[in-house]
$ cat data.cif   # mmCIF, C-alpha atoms
data_data
#
loop_
_atom_site.label_atom_id
_atom_site.label_comp_id
_atom_site.auth_asym_id
_atom_site.auth_seq_id
_atom_site.Cartn_x
_atom_site.Cartn_y
_atom_site.Cartn_z
CA MET A 1 70.25 72.04 5.95
CA GLU A 2 70.48 68.39 7.00
CA TRP A 3 73.84 66.65 6.89
CA LYS A 4 72.60 64.29 4.17
CA ASP A 5 71.97 67.24 1.86
CA ALA A 6 75.38 68.69 2.73
CA LEU A 7 77.01 65.34 2.01
CA LEU A 8 75.73 65.37 -1.56
CA GLY A 9 77.66 68.61 -2.04
CA ILE A 10 81.05 66.99 -1.46
CA ILE A 11 80.51 63.83 -3.50
CA LYS A 12 81.49 65.22 -6.89
CA ASP A 13 83.89 62.68 -8.31
CA SER A 14 82.26 60.58 -11.03
CA GLY A 15 84.13 57.50 -9.82
CA SER A 16 82.40 57.60 -6.44
CA ARG A 17 78.94 56.47 -5.46
CA ILE A 18 76.66 57.36 -2.58
CA ARG A 19 73.55 55.58 -1.38
CA PHE A 20 71.27 56.35 1.56
CA GLY A 21 69.65 53.65 3.68
CA GLU A 22 72.08 51.03 2.35
CA PRO A 23 71.88 47.56 3.99
CA LEU A 24 75.37 46.79 5.29
CA SER A 25 74.56 43.08 5.15
CA LYS A 26 75.31 43.48 1.41
CA HIS A 27 78.83 44.69 2.22
CA THR A 28 79.98 42.23 4.90
CA TYR A 29 81.13 38.63 4.57
CA PHE A 30 78.87 37.75 7.50
CA GLY A 31 75.82 38.87 5.51
CA ILE A 32 74.46 40.41 8.71
CA GLY A 33 73.51 43.96 9.68
CA GLY A 34 71.00 46.77 9.29
CA GLU A 35 71.22 49.90 7.17
CA ALA A 36 73.85 52.61 7.19
CA THR A 37 72.36 56.08 6.96
CA ALA A 38 74.73 56.61 4.03
CA TYR A 39 77.20 54.44 2.12
CA ILE A 40 79.93 55.87 -0.10
CA GLU A 41 82.63 54.43 -2.32
CA VAL A 42 85.39 57.03 -2.24
CA SER A 43 87.93 56.99 -5.06
CA THR A 44 90.21 60.01 -4.50
CA THR A 45 92.23 61.45 -1.63
CA THR A 46 90.65 64.85 -2.34
CA GLU A 47 87.18 63.48 -1.76
CA LEU A 48 88.32 61.53 1.31
CA ALA A 49 89.78 64.75 2.76
CA ALA A 50 86.47 66.53 2.15
CA LEU A 51 84.69 63.68 3.95
CA ALA A 52 87.10 63.98 6.89
CA ARG A 53 86.33 67.68 7.25
CA PHE A 54 82.61 66.94 6.83
CA HIS A 55 82.86 64.37 9.64
CA GLN A 56 84.43 66.98 11.91
CA GLN A 57 82.06 69.82 10.94
CA TRP A 58 78.80 67.88 11.22
CA ASN A 59 79.89 65.42 13.92
CA VAL A 60 78.55 62.51 11.89
CA PRO A 61 80.10 59.08 12.59
CA VAL A 62 82.16 57.68 9.71
CA ALA A 63 83.28 54.04 9.52
CA ILE A 64 85.74 52.76 6.93
CA ILE A 65 84.25 49.31 6.41
CA GLY A 66 86.61 48.14 3.68
CA ARG A 67 85.56 44.78 2.28
CA GLY A 68 83.61 43.90 5.43
CA SER A 69 85.47 40.63 5.98
CA ASN A 70 86.13 41.09 9.70
CA LEU A 71 83.01 43.00 10.70
CA LEU A 72 79.78 42.37 12.60
CA VAL A 73 77.17 45.07 12.05
CA SER A 74 74.30 45.65 14.47
CA ASP A 75 70.82 44.54 13.49
CA THR A 76 69.74 48.17 13.90
CA GLY A 77 72.41 49.30 11.46
CA PHE A 78 74.83 52.20 11.67
CA ASN A 79 73.65 55.78 12.21
CA GLY A 80 76.42 57.30 10.14
CA ILE A 81 78.41 56.95 6.93
CA GLY A 82 79.95 53.64 5.83
CA VAL A 83 82.90 54.03 3.47
CA ARG A 84 84.74 51.77 1.06
CA LEU A 85 87.98 52.94 -0.56
CA VAL A 86 88.34 52.36 -4.31
CA GLY A 87 90.10 53.93 -7.30
CA GLU A 88 93.35 55.71 -6.50
CA LEU A 89 92.93 54.61 -2.88
CA ALA A 90 93.33 50.99 -4.04
CA LYS A 91 96.51 51.53 -6.07
CA LEU A 92 99.47 49.18 -6.33
CA GLU A 93 102.91 50.38 -7.45
CA VAL A 94 106.12 48.34 -7.42
CA ASP A 95 109.68 49.69 -7.47
CA GLY A 96 112.19 46.88 -7.05
CA ASN A 97 111.28 45.21 -3.77
CA THR A 98 109.51 48.33 -2.44
CA VAL A 99 105.74 48.32 -2.86
CA SER A 100 103.34 51.25 -2.47
CA VAL A 101 99.85 49.95 -1.79
CA GLY A 102 96.52 51.68 -1.24
CA ALA A 103 94.32 50.77 1.71
CA GLY A 104 91.43 49.79 -0.55
CA LEU A 105 93.34 47.05 -2.38
CA SER A 106 92.26 43.49 -1.63
CA LEU A 107 94.76 41.22 0.09
CA PRO A 108 94.28 38.33 -2.37
CA ARG A 109 95.15 40.64 -5.28
CA LEU A 110 98.23 41.93 -3.46
CA SER A 111 99.37 38.38 -2.75
CA LYS A 112 98.86 37.19 -6.34
CA VAL A 113 100.59 40.16 -7.98
CA MET A 114 103.57 39.97 -5.64
CA SER A 115 104.05 36.26 -6.23
CA ARG A 116 104.05 36.84 -10.00
CA ARG A 117 106.66 39.59 -9.50
CA GLY A 118 108.88 37.26 -7.50
CA LEU A 119 108.43 39.18 -4.25
CA SER A 120 107.99 37.27 -0.99
CA GLY A 121 106.38 38.30 2.29
CA VAL A 122 102.63 38.35 1.67
CA GLU A 123 102.00 34.77 0.51
CA PHE A 124 99.84 34.20 3.60
CA ALA A 125 97.43 36.96 2.48
CA LEU A 126 95.84 35.04 -0.42
CA GLY A 127 93.37 33.37 1.93
CA ILE A 128 92.44 36.57 3.79
CA PRO A 129 89.51 38.24 1.98
CA GLY A 130 89.95 41.71 3.48
CA SER A 131 91.62 44.92 2.33
CA VAL A 132 95.09 46.30 2.98
CA GLY A 133 93.63 48.97 5.27
CA GLY A 134 91.95 46.41 7.47
CA ALA A 135 95.09 44.28 7.48
CA LEU A 136 97.11 47.27 8.68
CA ILE A 137 94.70 48.23 11.45
CA MET A 138 94.25 44.63 12.66
CA ASN A 139 97.82 43.56 11.83
CA ALA A 140 96.24 40.60 10.09
CA GLY A 141 98.20 37.43 9.63
CA ALA A 142 98.35 33.68 9.23
CA TRP A 143 100.85 30.82 9.34
CA GLY A 144 103.16 32.68 11.70
CA SER A 145 103.33 35.87 9.61
CA SER A 146 101.71 39.26 10.24
CA PHE A 147 101.13 42.08 7.80
CA GLY A 148 103.03 44.56 9.95
CA ASP A 149 106.18 42.48 9.47
CA VAL A 150 106.62 43.83 5.92
CA VAL A 151 105.47 47.42 6.51
CA THR A 152 108.03 50.24 6.57
CA ASP A 153 105.66 53.25 6.58
CA VAL A 154 101.93 53.89 6.84
CA THR A 155 100.02 56.88 5.45
CA ILE A 156 97.01 58.05 7.42
CA MET A 157 94.53 60.89 7.15
CA ASN A 158 93.55 62.91 10.20
CA ASP A 159 90.23 64.61 10.96
CA THR A 160 91.23 67.78 9.11
CA GLY A 161 91.93 65.87 5.89
CA GLU A 162 95.71 66.08 6.20
CA LEU A 163 97.85 63.14 5.09
CA LEU A 164 100.56 62.09 7.55
CA ASN A 165 103.31 59.51 7.25
CA LEU A 166 103.96 57.16 10.19
CA THR A 167 107.01 54.98 10.67
CA HIS A 168 106.68 51.29 11.43
CA ALA A 169 107.28 52.05 15.12
CA GLU A 170 104.67 54.81 15.18
CA ALA A 171 102.08 52.40 13.75
CA GLU A 172 102.41 50.39 17.00
CA PHE A 173 101.92 46.93 15.51
CA GLU A 174 101.07 44.18 17.99
CA TYR A 175 99.42 40.77 17.69
CA ARG A 176 96.16 41.40 15.78
CA HIS A 177 96.29 45.06 16.78
CA SER A 178 97.87 48.40 15.93
CA GLY A 179 97.54 52.03 16.93
CA LEU A 180 96.14 52.97 13.52
CA ASP A 181 92.46 53.02 14.44
CA ALA A 182 93.16 56.27 16.34
CA TYR A 183 93.11 58.15 13.02
CA PHE A 184 90.29 59.09 10.66
CA CYS A 185 91.50 56.73 7.95
CA VAL A 186 94.45 54.65 6.87
CA THR A 187 95.09 55.42 3.20
CA GLY A 188 98.05 53.20 2.33
CA ALA A 189 101.46 51.83 3.18
CA MET A 190 104.95 51.13 1.91
CA LEU A 191 106.04 47.51 2.04
CA ARG A 192 109.50 46.00 1.76
CA LEU A 193 109.41 42.47 0.38
CA GLU A 194 112.10 39.88 -0.29
CA PRO A 195 113.08 39.14 -3.90
CA GLY A 196 112.93 35.47 -4.83
CA ASP A 197 111.91 32.95 -7.45
CA ALA A 198 108.36 33.60 -8.69
CA ASP A 199 107.52 29.91 -9.10
CA THR A 200 108.75 29.05 -5.59
CA ILE A 201 106.85 31.96 -4.04
CA THR A 202 103.68 31.09 -5.96
CA ALA A 203 103.90 27.46 -4.88
CA ARG A 204 104.27 28.52 -1.23
CA MET A 205 101.30 30.90 -1.57
CA GLN A 206 99.13 28.18 -3.10
CA ALA A 207 100.17 25.69 -0.41
CA PHE A 208 99.08 28.14 2.30
CA TYR A 209 95.79 28.67 0.51
CA LYS A 210 95.17 24.94 0.07
CA GLN A 211 95.80 24.37 3.77
CA LYS A 212 93.39 27.17 4.67
CA VAL A 213 90.64 25.79 2.43
CA GLU A 214 91.08 22.32 3.94
CA THR A 215 91.03 23.48 7.57
CA GLN A 216 88.64 26.46 7.61
CA PRO A 217 85.05 27.01 6.40
CA PHE A 218 84.81 28.82 3.08
CA ALA A 219 81.32 28.18 1.71
CA GLU A 220 79.30 29.63 4.59
CA GLU A 221 79.02 33.31 5.46
CA ASN A 222 81.38 34.24 8.30
CA ALA A 223 83.73 36.98 9.49
CA GLY A 224 86.90 34.96 9.80
CA CYS A 225 88.39 34.05 13.16
CA MET A 226 86.04 35.24 15.88
CA PHE A 227 88.55 35.16 18.76
CA LYS A 228 92.20 36.07 19.19
CA ASN A 229 94.49 33.19 20.02
CA PRO A 230 95.61 33.30 23.67
CA PRO A 231 99.39 33.30 24.24
CA SER A 232 100.89 29.92 23.27
CA ASP A 233 97.46 28.42 22.54
CA SER A 234 94.73 28.28 19.92
CA ALA A 235 91.21 29.63 20.35
CA GLY A 236 89.96 26.95 17.96
CA ARG A 237 91.52 24.20 20.09
CA LEU A 238 89.99 25.58 23.28
CA ILE A 239 86.55 25.79 21.68
CA ASP A 240 86.94 22.26 20.33
CA ILE A 241 87.92 20.68 23.67
CA SER A 242 85.03 22.57 25.29
CA GLY A 243 82.67 20.57 23.07
CA LEU A 244 81.28 23.59 21.27
CA LYS A 245 81.71 22.68 17.59
CA GLY A 246 78.28 22.65 15.97
CA HIS A 247 76.64 24.53 18.85
CA ARG A 248 73.92 26.79 17.49
CA ILE A 249 71.96 29.81 18.69
CA GLY A 250 69.32 31.05 16.27
CA GLY A 251 70.85 31.12 12.80
CA ALA A 252 74.45 31.27 14.07
CA GLU A 253 76.55 28.12 14.49
CA VAL A 254 80.07 27.25 15.58
CA SER A 255 81.78 25.69 12.58
CA THR A 256 82.29 21.94 12.75
CA VAL A 257 85.42 22.41 10.58
CA HIS A 258 87.19 25.00 12.76
CA GLY A 259 85.88 26.07 16.17
CA ASN A 260 87.08 29.68 15.88
CA PHE A 261 84.58 30.44 13.13
CA ILE A 262 80.94 31.38 13.69
CA LEU A 263 78.78 30.79 10.63
CA ASN A 264 75.65 32.50 9.42
CA ILE A 265 73.83 29.37 8.32
CA ASP A 266 70.18 30.45 8.52
CA ASN A 267 69.62 34.21 8.37
CA ALA A 268 71.47 34.79 11.63
CA THR A 269 71.09 38.12 13.37
CA ALA A 270 73.86 40.05 15.06
CA ALA A 271 72.10 39.25 18.33
CA ASP A 272 72.38 35.51 17.56
CA VAL A 273 76.11 35.91 16.96
CA LEU A 274 76.73 37.90 20.14
CA ASP A 275 74.71 35.43 22.21
CA LEU A 276 76.81 32.60 20.77
CA VAL A 277 80.04 34.55 21.42
CA ALA A 278 79.03 35.06 25.05
CA TYR A 279 78.14 31.37 25.44
CA ILE A 280 81.49 30.29 23.96
CA GLN A 281 83.39 32.65 26.26
CA GLU A 282 81.50 31.38 29.30
CA GLN A 283 81.99 27.70 28.46
CA VAL A 284 85.69 28.03 27.60
CA ARG A 285 86.32 30.02 30.79
CA GLU A 286 84.53 27.41 32.90
CA LYS A 287 86.33 24.46 31.30
CA THR A 288 89.83 25.90 30.77
CA GLY A 289 90.07 29.03 32.91
CA ILE A 290 90.98 31.08 29.81
CA SER A 291 89.06 34.21 28.78
CA LEU A 292 88.78 34.49 25.01
CA GLN A 293 88.85 37.98 23.49
CA THR A 294 87.05 38.73 20.23
CA GLU A 295 88.97 39.65 17.10
CA VAL A 296 86.04 40.62 14.86
CA LYS A 297 85.22 44.34 14.78
CA ARG A 298 81.75 45.57 15.70
CA LEU A 299 79.80 48.46 14.18
CA GLY A 300 76.59 50.12 15.29
CA PHE A 301 76.52 48.75 18.85
CA ASP A 302 76.28 50.92 21.97
CA ASP A 303 79.19 49.25 23.78
#

$ encode --input "data.cif" --output "structure tokens"
Amino acid sequence: MEWKDALLGIIKDSGSRIRFGEPLSKHTYFGIGGEATAYIEVSTTTELAALARFHQQWNVPVAIIGRGSNLLVSDTGFNGIGVRLVGELAKLEVDGNTVSVGAGLSLPRLSKVMSRRGLSGVEFALGIPGSVGGALIMNAGAWGSSFGDVVTDVTIMNDTGELLNLTHAEAEFEYRHSGLDAYFCVTGAMLRLEPGDADTITARMQAFYKQKVETQPFAEENAGCMFKNPPSDSAGRLIDISGLKGHRIGGAEVSTVHGNFILNIDNATAADVLDLVAYIQEQVREKTGISLQTEVKRLGFDD
């Protein structure tokens, strides 16, 4: 029996969907990438645990792609299973200033609901189109705040389908990084937010969002900030002073609004993007002596 046939045997929940040969360009903000051998929307922890054991038994690669906001997929696709968490894995429960949140929940929804509840700490997240799971793994942030700052505990699933609770320290949060990608899947987290005035918090959230819209590209397909900021500097500034805004390779172009964004403006391929990334890194290193490191995740590449 092939693994694809075996996979159909574990996808029993009516709230989940599975598709074979699914173009991942449909599931990434970049709008780039070939097909995944299989794509599943998983809605229960029971089904996710079955998928974890399946992954171990059949040795089939599994990638939790979330909302695809910080992801570049290879033009040849992904020879494995792409997963999005929905249903009970995108829950949101509030008890006072303690919030239990599923990894599949979108960051904008989290930010909006918390502001209405008069809870502060995730106002910056309204302008980040990803999921809580991605924000945990990448320790996403903006305007001087990082998601890990408000996390007390993280729940992960290991390769045998067991749920484990990690403390904030065990999650190993760093700048745009954590130790959480060592596990099969992040399933959720507990957050501790600060009570405050709902109108004040909402106004601050909207001000952050307005500033983001005014200073970053929103209309064109992109994967957010392409490079990590070097210590005490800005990748966008370095790209700007290197004269790279508007530089184009194939269908990929450096944004003229913010240099740390690469846009898919004309059916760009992943190869176009990587060629442009390499050119930016080379030019910035030559002109400033600084080596930029990418922040966007890659899927389906050999390296």

$ resolve_selection --input "data.cif" --expression "the PyMOL selection byres ((chain A and resi 175) around 9)" --output "ChimeraX atom specification"
/A:138-141,146,173-174,176-178,228

$ write_last_selection --input "data.cif" --atoms "C-alpha atoms" --output "PDB file, keeping the file's coordinate frame"
ATOM      1  CA  MET A 138      94.250  44.630  12.660  1.00  0.00           C
ATOM      2  CA  ASN A 139      97.820  43.560  11.830  1.00  0.00           C
ATOM      3  CA  ALA A 140      96.240  40.600  10.090  1.00  0.00           C
ATOM      4  CA  GLY A 141      98.200  37.430   9.630  1.00  0.00           C
ATOM      5  CA  SER A 146     101.710  39.260  10.240  1.00  0.00           C
ATOM      6  CA  PHE A 173     101.920  46.930  15.510  1.00  0.00           C
ATOM      7  CA  GLU A 174     101.070  44.180  17.990  1.00  0.00           C
ATOM      8  CA  ARG A 176      96.160  41.400  15.780  1.00  0.00           C
ATOM      9  CA  HIS A 177      96.290  45.060  16.780  1.00  0.00           C
ATOM     10  CA  SER A 178      97.870  48.400  15.930  1.00  0.00           C
ATOM     11  CA  LYS A 228      92.200  36.070  19.190  1.00  0.00           C
TER      12      LYS A 228
END

$ residues_around --input "data.cif" --residues "stretch 186-190 of chain A" --least-positions-apart "3" --cutoff "6 Å" --atoms "all atoms listed in the file" --output "mmCIF file with C-alpha atoms, keeping the file's coordinate frame"
data_model
loop_
_atom_site.group_PDB
_atom_site.id
_atom_site.type_symbol
_atom_site.label_atom_id
_atom_site.label_comp_id
_atom_site.auth_asym_id
_atom_site.auth_seq_id
_atom_site.Cartn_x
_atom_site.Cartn_y
_atom_site.Cartn_z
ATOM 1 C CA VAL A 99 105.740 48.320 -2.860
ATOM 2 C CA SER A 100 103.340 51.250 -2.470
ATOM 3 C CA VAL A 101 99.850 49.950 -1.790
ATOM 4 C CA GLY A 102 96.520 51.680 -1.240
ATOM 5 C CA ALA A 103 94.320 50.770 1.710
ATOM 6 C CA GLY A 133 93.630 48.970 5.270
ATOM 7 C CA VAL A 151 105.470 47.420 6.510
ATOM 8 C CA THR A 152 108.030 50.240 6.570
ATOM 9 C CA ASP A 153 105.660 53.250 6.580
ATOM 10 C CA VAL A 154 101.930 53.890 6.840
ATOM 11 C CA THR A 155 100.020 56.880 5.450
ATOM 12 C CA ILE A 156 97.010 58.050 7.420
#

$ residues_near_point --input "data.cif" --point "(80.6, 48.5, 15.0)" --cutoff "12 Å" --atoms "all atoms listed in the file" --output "PDB file with C-alpha atoms, in the coordinates of the input"
ATOM      1  CA  LEU A  24      75.370  46.790   5.290  1.00  0.00           C
ATOM      2  CA  THR A  28      79.980  42.230   4.900  1.00  0.00           C
ATOM      3  CA  ILE A  32      74.460  40.410   8.710  1.00  0.00           C
ATOM      4  CA  GLY A  33      73.510  43.960   9.680  1.00  0.00           C
ATOM      5  CA  GLY A  34      71.000  46.770   9.290  1.00  0.00           C
ATOM      6  CA  ALA A  36      73.850  52.610   7.190  1.00  0.00           C
ATOM      7  CA  PRO A  61      80.100  59.080  12.590  1.00  0.00           C
ATOM      8  CA  VAL A  62      82.160  57.680   9.710  1.00  0.00           C
ATOM      9  CA  ALA A  63      83.280  54.040   9.520  1.00  0.00           C
ATOM     10  CA  ILE A  64      85.740  52.760   6.930  1.00  0.00           C
ATOM     11  CA  ILE A  65      84.250  49.310   6.410  1.00  0.00           C
ATOM     12  CA  GLY A  68      83.610  43.900   5.430  1.00  0.00           C
ATOM     13  CA  ASN A  70      86.130  41.090   9.700  1.00  0.00           C
ATOM     14  CA  LEU A  71      83.010  43.000  10.700  1.00  0.00           C
ATOM     15  CA  LEU A  72      79.780  42.370  12.600  1.00  0.00           C
ATOM     16  CA  VAL A  73      77.170  45.070  12.050  1.00  0.00           C
ATOM     17  CA  SER A  74      74.300  45.650  14.470  1.00  0.00           C
ATOM     18  CA  ASP A  75      70.820  44.540  13.490  1.00  0.00           C
ATOM     19  CA  THR A  76      69.740  48.170  13.900  1.00  0.00           C
ATOM     20  CA  GLY A  77      72.410  49.300  11.460  1.00  0.00           C
ATOM     21  CA  PHE A  78      74.830  52.200  11.670  1.00  0.00           C
ATOM     22  CA  ASN A  79      73.650  55.780  12.210  1.00  0.00           C
ATOM     23  CA  GLY A  80      76.420  57.300  10.140  1.00  0.00           C
ATOM     24  CA  ILE A  81      78.410  56.950   6.930  1.00  0.00           C
ATOM     25  CA  GLY A  82      79.950  53.640   5.830  1.00  0.00           C
ATOM     26  CA  ALA A 270      73.860  40.050  15.060  1.00  0.00           C
ATOM     27  CA  VAL A 296      86.040  40.620  14.860  1.00  0.00           C
ATOM     28  CA  LYS A 297      85.220  44.340  14.780  1.00  0.00           C
ATOM     29  CA  ARG A 298      81.750  45.570  15.700  1.00  0.00           C
ATOM     30  CA  LEU A 299      79.800  48.460  14.180  1.00  0.00           C
ATOM     31  CA  GLY A 300      76.590  50.120  15.290  1.00  0.00           C
ATOM     32  CA  PHE A 301      76.520  48.750  18.850  1.00  0.00           C
ATOM     33  CA  ASP A 302      76.280  50.920  21.970  1.00  0.00           C
ATOM     34  CA  ASP A 303      79.190  49.250  23.780  1.00  0.00           C
TER      35      ASP A 303
END

$ resolve_selection --input "data.cif" --expression "the PyMOL selection byres ((chain A and resi 242) around 10)" --output "PyMOL selection string"
chain A and resi 236-241+243-245+259+280+283-288

$ resolve_selection --input "data.cif" --expression "the PyMOL selection byres ((chain A and resi 248) around 12)" --output "VMD selection string"
chain A and resid 244 to 247 249 to 256 262 to 266 268 272 to 277 279 to 280

$ residues_around --input "data.cif" --residues "stretch 195-206 of chain A" --least-positions-apart "6" --cutoff "6 Å" --atoms "only C-alpha atoms" --output "number ranges by chain"
A: 115-116, 118-119, 123

$ closest_residue --input "data.cif" --among "A:Ser232, A:Thr37, A:Asn59, A:Asn267" --to "A:Glu220" --atoms "only C-alpha atoms"
A:Asn267

$ atom_distance --input "data.cif" --atom1 "atom CA of A:Val122" --atom2 "atom CA of A:Phe147"
7.3 Å

$ atom_distance --input "data.cif" --atom1 "atom CA of A:Lys4" --atom2 "atom CA of A:Arg17"
13.9 Å

$ atom_distance --input "data.cif" --atom1 "atom CA of A:Ile128" --atom2 "atom CA of A:Leu92"
17.6 Å

$ residues_around --input "data.cif" --residues "A:Pro230" --least-positions-apart "6" --cutoff "10 Å" --atoms "only C-alpha atoms" --output "PDB file with C-alpha atoms, in the frame of the given file"
ATOM      1  CA  LEU A 238      89.990  25.580  23.280  1.00  0.00           C
ATOM      2  CA  ILE A 290      90.980  31.080  29.810  1.00  0.00           C
ATOM      3  CA  SER A 291      89.060  34.210  28.780  1.00  0.00           C
ATOM      4  CA  LEU A 292      88.780  34.490  25.010  1.00  0.00           C
ATOM      5  CA  GLN A 293      88.850  37.980  23.490  1.00  0.00           C
TER       6      GLN A 293
END

$ decode --input "data.cif" --residues "stretch 139-147 of chain A" --atoms "all heavy atoms" --output "CSV table (one decimal), in the first residue's frame"
chain,number,residue,atom,x,y,z
A,139,ASN,N,9.1,33.7,16.7
A,139,ASN,CA,9.1,34.8,17.6
A,139,ASN,C,8.8,36.1,16.9
A,139,ASN,O,9.6,37.1,17.0
A,139,ASN,CB,10.3,34.9,18.5
A,139,ASN,CG,10.2,35.8,19.7
A,139,ASN,OD1,9.1,36.2,20.1
A,139,ASN,ND2,11.3,36.2,20.3
A,140,ALA,N,7.7,36.2,16.2
A,140,ALA,CA,7.4,37.3,15.3
A,140,ALA,C,7.2,38.6,16.2
A,140,ALA,O,6.9,38.5,17.4
A,140,ALA,CB,6.1,37.0,14.5
A,141,GLY,N,7.4,39.7,15.5
A,141,GLY,CA,7.2,40.9,16.3
A,141,GLY,C,7.2,42.2,15.4
A,141,GLY,O,7.5,42.1,14.2
A,142,ALA,N,7.0,43.3,16.0
A,142,ALA,CA,7.0,44.6,15.3
A,142,ALA,C,7.0,45.7,16.4
A,142,ALA,O,6.5,45.5,17.5
A,142,ALA,CB,5.8,44.7,14.4
A,143,TRP,N,7.5,46.9,16.0
A,143,TRP,CA,7.5,48.0,16.9
A,143,TRP,C,8.1,47.8,18.2
A,143,TRP,O,7.5,48.2,19.3
A,143,TRP,CB,6.0,48.6,17.0
A,143,TRP,CG,5.3,48.6,15.7
A,143,TRP,CD1,4.1,47.9,15.4
A,143,TRP,CD2,5.6,49.3,14.5
A,143,TRP,NE1,3.7,48.2,14.1
A,143,TRP,CE2,4.6,49.0,13.5
A,143,TRP,CE3,6.7,50.1,14.1
A,143,TRP,CZ2,4.7,49.5,12.2
A,143,TRP,CZ3,6.7,50.6,12.8
A,143,TRP,CH2,5.7,50.3,11.9
A,144,GLY,N,9.1,47.0,18.3
A,144,GLY,CA,9.8,46.8,19.5
A,144,GLY,C,9.3,45.7,20.4
A,144,GLY,O,9.8,45.4,21.5
A,145,SER,N,8.2,45.0,20.0
A,145,SER,CA,7.6,43.9,20.7
A,145,SER,C,7.8,42.6,20.0
A,145,SER,O,7.9,42.6,18.7
A,145,SER,CB,6.1,44.2,20.9
A,145,SER,OG,5.8,45.3,21.7
A,146,SER,N,7.8,41.5,20.7
A,146,SER,CA,7.9,40.2,20.1
A,146,SER,C,6.9,39.3,20.8
A,146,SER,O,6.5,39.5,22.0
A,146,SER,CB,9.3,39.6,20.4
A,146,SER,OG,10.3,40.3,19.6
A,147,PHE,N,6.4,38.3,20.0
A,147,PHE,CA,5.3,37.5,20.5
A,147,PHE,C,5.7,36.7,21.8
A,147,PHE,O,4.9,36.6,22.7
A,147,PHE,CB,4.9,36.5,19.4
A,147,PHE,CG,3.5,35.9,19.6
A,147,PHE,CD1,2.4,36.7,19.5
A,147,PHE,CD2,3.4,34.6,20.0
A,147,PHE,CE1,1.1,36.2,19.7
A,147,PHE,CE2,2.1,34.1,20.2
A,147,PHE,CZ,1.0,34.9,20.0
